[in-house]
Amino acid sequence: MVHSIHHLNFIVRDLDAAIPAWERLLGLTVARRDELPERGAIAARFRLGDTWLVLVQPTRDDSVPGRFLAARGEGFFLLSLGVESLADELQRLGADAFSSPVRTGADGWQVRDLDAALANRVQLQFTER
């Protein structure tokens with residue numbers, strides 16, 4: 001069962017250019033920067049209570065973020081919902097609900113992408129801490 005919004009991702013073309021605008025908007029400074037070579041991206045995270053707001057800049061055109069930026073431009077990219085157990089969610093929803101295997105994300109998060117057809121083509125994933 002979903003218990004929280006774990007993180008929200010926004011695609012940006014230029015992370016260094018986007019960060020000051022988001023810092024001003026949120027009244028916060030970046031809490032952390034991440035290099036995600038396996039995802040073909042770099043990221044900056046803001047902490048909003050228990051939720052992360054993440055700016056993602058693709059570093060490769062052939063990555064998932066790179067293809068998304070090319071097809072849709074900058075903006076909302078992904079909503080990650082917090083769950084207690086990815087295994088329980090697999091049992092609850094069935095394998096057809098997922099579009100990827102479990103992978104390790106930033107900070108050791110375990111994440112799994114959901115089939116976008118489940119929620120009106122919105123890119124969703126579950127994250128287990």
# chains A, B, ... in the order shown; residues from 1 in each chain; ligands from 1

$ select_by_dssp --residues "segment 4-125 of chain A" --states "helix (DSSP H, G or I)" --output "PDB file with N, CA and C atoms, in the first residue's frame"
ATOM      1  N   LEU A  15      21.109  21.891 -15.295  1.00  0.00           N
ATOM      2  CA  LEU A  15      20.939  21.827 -13.850  1.00  0.00           C
ATOM      3  C   LEU A  15      21.462  23.091 -13.166  1.00  0.00           C
ATOM      4  N   ASP A  16      22.650  23.547 -13.556  1.00  0.00           N
ATOM      5  CA  ASP A  16      23.226  24.724 -12.920  1.00  0.00           C
ATOM      6  C   ASP A  16      22.391  25.984 -13.152  1.00  0.00           C
ATOM      7  N   ALA A  17      21.726  26.062 -14.287  1.00  0.00           N
ATOM      8  CA  ALA A  17      20.854  27.204 -14.559  1.00  0.00           C
ATOM      9  C   ALA A  17      19.517  27.077 -13.823  1.00  0.00           C
ATOM     10  N   ALA A  18      19.038  25.867 -13.632  1.00  0.00           N
ATOM     11  CA  ALA A  18      17.729  25.651 -12.998  1.00  0.00           C
ATOM     12  C   ALA A  18      17.774  25.800 -11.483  1.00  0.00           C
ATOM     13  N   ILE A  19      18.879  25.421 -10.869  1.00  0.00           N
ATOM     14  CA  ILE A  19      18.952  25.410  -9.406  1.00  0.00           C
ATOM     15  C   ILE A  19      18.627  26.772  -8.783  1.00  0.00           C
ATOM     16  N   PRO A  20      19.210  27.895  -9.226  1.00  0.00           N
ATOM     17  CA  PRO A  20      18.890  29.174  -8.573  1.00  0.00           C
ATOM     18  C   PRO A  20      17.407  29.531  -8.629  1.00  0.00           C
ATOM     19  N   ALA A  21      16.755  29.231  -9.722  1.00  0.00           N
ATOM     20  CA  ALA A  21      15.322  29.535  -9.834  1.00  0.00           C
ATOM     21  C   ALA A  21      14.514  28.715  -8.825  1.00  0.00           C
ATOM     22  N   TRP A  22      14.839  27.436  -8.690  1.00  0.00           N
ATOM     23  CA  TRP A  22      14.131  26.580  -7.732  1.00  0.00           C
ATOM     24  C   TRP A  22      14.473  26.968  -6.301  1.00  0.00           C
ATOM     25  N   GLU A  23      15.717  27.340  -6.027  1.00  0.00           N
ATOM     26  CA  GLU A  23      16.081  27.777  -4.676  1.00  0.00           C
ATOM     27  C   GLU A  23      15.269  29.015  -4.289  1.00  0.00           C
ATOM     28  N   ARG A  24      15.138  29.931  -5.223  1.00  0.00           N
ATOM     29  CA  ARG A  24      14.359  31.144  -4.948  1.00  0.00           C
ATOM     30  C   ARG A  24      12.894  30.798  -4.742  1.00  0.00           C
ATOM     31  N   LEU A  25      12.346  29.989  -5.618  1.00  0.00           N
ATOM     32  CA  LEU A  25      10.942  29.601  -5.530  1.00  0.00           C
ATOM     33  C   LEU A  25      10.630  28.895  -4.215  1.00  0.00           C
ATOM     34  N   LEU A  26      11.472  27.940  -3.833  1.00  0.00           N
ATOM     35  CA  LEU A  26      11.221  27.134  -2.642  1.00  0.00           C
ATOM     36  C   LEU A  26      11.694  27.788  -1.349  1.00  0.00           C
ATOM     37  N   PRO A  37      25.373   7.914 -13.219  1.00  0.00           N
ATOM     38  CA  PRO A  37      25.852   7.476 -14.532  1.00  0.00           C
ATOM     39  C   PRO A  37      25.058   6.315 -15.114  1.00  0.00           C
ATOM     40  N   GLU A  38      24.578   5.409 -14.257  1.00  0.00           N
ATOM     41  CA  GLU A  38      23.800   4.281 -14.764  1.00  0.00           C
ATOM     42  C   GLU A  38      22.452   4.713 -15.326  1.00  0.00           C
ATOM     43  N   ARG A  39      21.960   5.880 -14.913  1.00  0.00           N
ATOM     44  CA  ARG A  39      20.696   6.426 -15.420  1.00  0.00           C
ATOM     45  C   ARG A  39      20.941   7.484 -16.493  1.00  0.00           C
ATOM     46  N   VAL A  64      16.869   7.197 -20.393  1.00  0.00           N
ATOM     47  CA  VAL A  64      15.435   7.457 -20.200  1.00  0.00           C
ATOM     48  C   VAL A  64      15.183   8.952 -20.018  1.00  0.00           C
ATOM     49  N   PRO A  65      15.927   9.643 -19.138  1.00  0.00           N
ATOM     50  CA  PRO A  65      15.707  11.099 -19.035  1.00  0.00           C
ATOM     51  C   PRO A  65      16.026  11.845 -20.330  1.00  0.00           C
ATOM     52  N   GLY A  66      17.060  11.412 -21.052  1.00  0.00           N
ATOM     53  CA  GLY A  66      17.419  12.060 -22.310  1.00  0.00           C
ATOM     54  C   GLY A  66      16.331  11.922 -23.357  1.00  0.00           C
ATOM     55  N   ARG A  67      15.778  10.724 -23.467  1.00  0.00           N
ATOM     56  CA  ARG A  67      14.676  10.510 -24.431  1.00  0.00           C
ATOM     57  C   ARG A  67      13.431  11.304 -24.025  1.00  0.00           C
ATOM     58  N   PHE A  68      13.173  11.368 -22.726  1.00  0.00           N
ATOM     59  CA  PHE A  68      12.026  12.127 -22.250  1.00  0.00           C
ATOM     60  C   PHE A  68      12.184  13.608 -22.598  1.00  0.00           C
ATOM     61  N   LEU A  69      13.369  14.171 -22.324  1.00  0.00           N
ATOM     62  CA  LEU A  69      13.617  15.582 -22.630  1.00  0.00           C
ATOM     63  C   LEU A  69      13.453  15.848 -24.121  1.00  0.00           C
ATOM     64  N   ALA A  70      13.979  14.965 -24.956  1.00  0.00           N
ATOM     65  CA  ALA A  70      13.875  15.149 -26.407  1.00  0.00           C
ATOM     66  C   ALA A  70      12.426  15.106 -26.877  1.00  0.00           C
ATOM     67  N   ALA A  71      11.628  14.242 -26.280  1.00  0.00           N
ATOM     68  CA  ALA A  71      10.238  14.071 -26.717  1.00  0.00           C
ATOM     69  C   ALA A  71       9.287  15.108 -26.132  1.00  0.00           C
ATOM     70  N   ARG A  72       9.521  15.514 -24.877  1.00  0.00           N
ATOM     71  CA  ARG A  72       8.533  16.342 -24.185  1.00  0.00           C
ATOM     72  C   ARG A  72       9.047  17.671 -23.669  1.00  0.00           C
ATOM     73  N   LEU A  86       8.309  -3.512  -1.876  1.00  0.00           N
ATOM     74  CA  LEU A  86       8.104  -3.731  -3.308  1.00  0.00           C
ATOM     75  C   LEU A  86       7.585  -5.141  -3.568  1.00  0.00           C
ATOM     76  N   ALA A  87       8.038  -6.097  -2.786  1.00  0.00           N
ATOM     77  CA  ALA A  87       7.572  -7.481  -2.951  1.00  0.00           C
ATOM     78  C   ALA A  87       6.074  -7.581  -2.677  1.00  0.00           C
ATOM     79  N   ASP A  88       5.598  -6.884  -1.647  1.00  0.00           N
ATOM     80  CA  ASP A  88       4.162  -6.898  -1.342  1.00  0.00           C
ATOM     81  C   ASP A  88       3.363  -6.248  -2.472  1.00  0.00           C
ATOM     82  N   GLU A  89       3.915  -5.177  -3.066  1.00  0.00           N
ATOM     83  CA  GLU A  89       3.219  -4.501  -4.162  1.00  0.00           C
ATOM     84  C   GLU A  89       3.168  -5.380  -5.409  1.00  0.00           C
ATOM     85  N   LEU A  90       4.214  -6.138  -5.655  1.00  0.00           N
ATOM     86  CA  LEU A  90       4.209  -7.091  -6.766  1.00  0.00           C
ATOM     87  C   LEU A  90       3.111  -8.122  -6.561  1.00  0.00           C
ATOM     88  N   GLN A  91       3.002  -8.619  -5.356  1.00  0.00           N
ATOM     89  CA  GLN A  91       1.954  -9.604  -5.059  1.00  0.00           C
ATOM     90  C   GLN A  91       0.564  -8.974  -5.167  1.00  0.00           C
ATOM     91  N   ARG A  92       0.413  -7.754  -4.696  1.00  0.00           N
ATOM     92  CA  ARG A  92      -0.887  -7.071  -4.704  1.00  0.00           C
ATOM     93  C   ARG A  92      -1.345  -6.726  -6.115  1.00  0.00           C
ATOM     94  N   LEU A  93      -0.429  -6.191  -6.952  1.00  0.00           N
ATOM     95  CA  LEU A  93      -0.800  -5.692  -8.275  1.00  0.00           C
ATOM     96  C   LEU A  93      -0.528  -6.672  -9.414  1.00  0.00           C
ATOM     97  N   ALA A  95       2.633  -8.880 -11.750  1.00  0.00           N
ATOM     98  CA  ALA A  95       3.817  -8.517 -12.542  1.00  0.00           C
ATOM     99  C   ALA A  95       3.478  -7.600 -13.709  1.00  0.00           C
ATOM    100  N   ASP A  96       2.273  -7.717 -14.274  1.00  0.00           N
ATOM    101  CA  ASP A  96       1.893  -6.884 -15.418  1.00  0.00           C
ATOM    102  C   ASP A  96       1.805  -5.397 -15.077  1.00  0.00           C
ATOM    103  N   ALA A  97       1.740  -5.062 -13.794  1.00  0.00           N
ATOM    104  CA  ALA A  97       1.641  -3.668 -13.384  1.00  0.00           C
ATOM    105  C   ALA A  97       2.978  -2.936 -13.492  1.00  0.00           C
ATOM    106  N   ALA A 106      19.286   6.332  -5.827  1.00  0.00           N
ATOM    107  CA  ALA A 106      20.101   7.154  -4.934  1.00  0.00           C
ATOM    108  C   ALA A 106      19.866   6.723  -3.488  1.00  0.00           C
ATOM    109  N   ASP A 107      20.878   6.847  -2.673  1.00  0.00           N
ATOM    110  CA  ASP A 107      20.804   6.508  -1.246  1.00  0.00           C
ATOM    111  C   ASP A 107      20.379   5.071  -0.980  1.00  0.00           C
ATOM    112  N   GLY A 108      20.542   4.202  -1.982  1.00  0.00           N
ATOM    113  CA  GLY A 108      20.169   2.808  -1.795  1.00  0.00           C
ATOM    114  C   GLY A 108      18.676   2.532  -1.891  1.00  0.00           C
ATOM    115  N   ALA A 116       2.919   2.768 -17.367  1.00  0.00           N
ATOM    116  CA  ALA A 116       2.287   4.090 -17.470  1.00  0.00           C
ATOM    117  C   ALA A 116       0.805   4.007 -17.823  1.00  0.00           C
ATOM    118  N   ALA A 117       0.366   2.911 -18.411  1.00  0.00           N
ATOM    119  CA  ALA A 117      -1.045   2.770 -18.770  1.00  0.00           C
ATOM    120  C   ALA A 117      -1.943   2.662 -17.534  1.00  0.00           C
ATOM    121  N   LEU A 118      -1.377   2.351 -16.385  1.00  0.00           N
ATOM    122  CA  LEU A 118      -2.177   2.215 -15.161  1.00  0.00           C
ATOM    123  C   LEU A 118      -2.755   3.538 -14.691  1.00  0.00           C
ATOM    124  N   ALA A 119      -2.075   4.643 -14.981  1.00  0.00           N
ATOM    125  CA  ALA A 119      -2.488   5.939 -14.432  1.00  0.00           C
ATOM    126  C   ALA A 119      -2.425   7.029 -15.495  1.00  0.00           C
TER     127      ALA A 119
END

$ select_by_dssp --residues "chain A" --states "strand (DSSP E or B)" --output "PyMOL selection string"
chain A and resi 2-11+32-36+41-48+51-58+75-83+98+103-104+110-114+124-128

$ closest_residue --among "A:Thr51, A:Ser99, A:Thr59, A:Gln125" --to "Arg13 of chain A" --atoms "only C-alpha atoms"
A:Thr59

$ closest_residue --among "A:Leu81, A:Asp115, A:Ala31, A:Leu48" --to "Thr127 of chain A" --atoms "only C-alpha atoms"
A:Leu81

$ residues_around --residues "Asp14 of chain A" --least-positions-apart "6" --cutoff "9 Å" --atoms "only C-alpha atoms" --output "count of residues only"
3

$ residues_around --residues "Gly82 of chain A" --least-positions-apart "3" --cutoff "12 Å" --atoms "only C-alpha atoms" --output "list in words"
Met1, Val2, His3, Ser4, Ile5, His6, His7, Leu8, Asp50, Thr51, Trp52, Leu79, Ser85, Leu86, Glu89, Trp109, Gln110, Val111, Arg112, Leu124, Gln125, Phe126, Thr127, Glu128 and Arg129 of chain A

$ atom_distance --atom1 "atom CA of Val30 of chain A" --atom2 "atom CA of Arg60 of chain A"
23.0 Å

$ closest_residue --among "A:Val83, A:Val102, A:Val54, A:Val12" --to "Arg32 of chain A" --atoms "only C-alpha atoms"
A:Val54

$ atom_distance --atom1 "atom CA of Leu36 of chain A" --atom2 "atom CA of Thr104 of chain A"
10.9 Å

$ atom_distance --atom1 "atom CA of Val122 of chain A" --atom2 "atom CA of Glu35 of chain A"
24.7 Å

$ decode --residues "segment 18-35 of chain A" --atoms "N, CA, C and O atoms" --output "compact mmCIF listing (two decimals), in the first residue's frame"
# COMPACT_ATOMS: atom_id res chain seq x y z
N ALA A 18 19.04 25.87 -13.63
CA ALA A 18 17.73 25.65 -13.00
C ALA A 18 17.77 25.80 -11.48
O ALA A 18 16.80 26.25 -10.87
N ILE A 19 18.88 25.42 -10.87
CA ILE A 19 18.95 25.41 -9.41
C ILE A 19 18.63 26.77 -8.78
O ILE A 19 17.80 26.83 -7.86
N PRO A 20 19.21 27.89 -9.23
CA PRO A 20 18.89 29.17 -8.57
C PRO A 20 17.41 29.53 -8.63
O PRO A 20 16.86 30.08 -7.66
N ALA A 21 16.75 29.23 -9.72
CA ALA A 21 15.32 29.54 -9.83
C ALA A 21 14.51 28.71 -8.83
O ALA A 21 13.61 29.24 -8.17
N TRP A 22 14.84 27.44 -8.69
CA TRP A 22 14.13 26.58 -7.73
C TRP A 22 14.47 26.97 -6.30
O TRP A 22 13.60 26.92 -5.42
N GLU A 23 15.72 27.34 -6.03
CA GLU A 23 16.08 27.78 -4.68
C GLU A 23 15.27 29.01 -4.29
O GLU A 23 14.77 29.10 -3.16
N ARG A 24 15.14 29.93 -5.22
CA ARG A 24 14.36 31.14 -4.95
C ARG A 24 12.89 30.80 -4.74
O ARG A 24 12.25 31.27 -3.79
N LEU A 25 12.35 29.99 -5.62
CA LEU A 25 10.94 29.60 -5.53
C LEU A 25 10.63 28.89 -4.22
O LEU A 25 9.64 29.20 -3.54
N LEU A 26 11.47 27.94 -3.83
CA LEU A 26 11.22 27.13 -2.64
C LEU A 26 11.69 27.79 -1.35
O LEU A 26 11.26 27.38 -0.26
N GLY A 27 12.59 28.77 -1.46
CA GLY A 27 13.18 29.36 -0.26
C GLY A 27 14.12 28.39 0.44
O GLY A 27 14.32 28.47 1.65
N LEU A 28 14.69 27.48 -0.33
CA LEU A 28 15.59 26.45 0.19
C LEU A 28 16.84 26.39 -0.67
O LEU A 28 16.84 26.84 -1.81
N THR A 29 17.88 25.81 -0.12
CA THR A 29 19.06 25.52 -0.92
C THR A 29 19.08 24.03 -1.24
O THR A 29 18.43 23.22 -0.56
N VAL A 30 19.80 23.67 -2.28
CA VAL A 30 19.92 22.27 -2.67
C VAL A 30 20.50 21.49 -1.49
O VAL A 30 21.50 21.87 -0.89
N ALA A 31 19.84 20.39 -1.16
CA ALA A 31 20.29 19.54 -0.06
C ALA A 31 21.38 18.58 -0.50
O ALA A 31 22.22 18.18 0.30
N ARG A 32 21.33 18.23 -1.79
CA ARG A 32 22.27 17.22 -2.26
C ARG A 32 22.33 17.21 -3.78
O ARG A 32 21.33 17.44 -4.45
N ARG A 33 23.51 16.92 -4.31
CA ARG A 33 23.68 16.71 -5.76
C ARG A 33 24.14 15.28 -5.95
O ARG A 33 24.91 14.76 -5.15
N ASP A 34 23.66 14.66 -7.03
CA ASP A 34 23.98 13.26 -7.30
C ASP A 34 24.42 13.09 -8.74
O ASP A 34 23.86 13.71 -9.64
N GLU A 35 25.40 12.22 -8.94
CA GLU A 35 25.78 11.76 -10.27
C GLU A 35 25.17 10.38 -10.42
O GLU A 35 25.36 9.52 -9.56
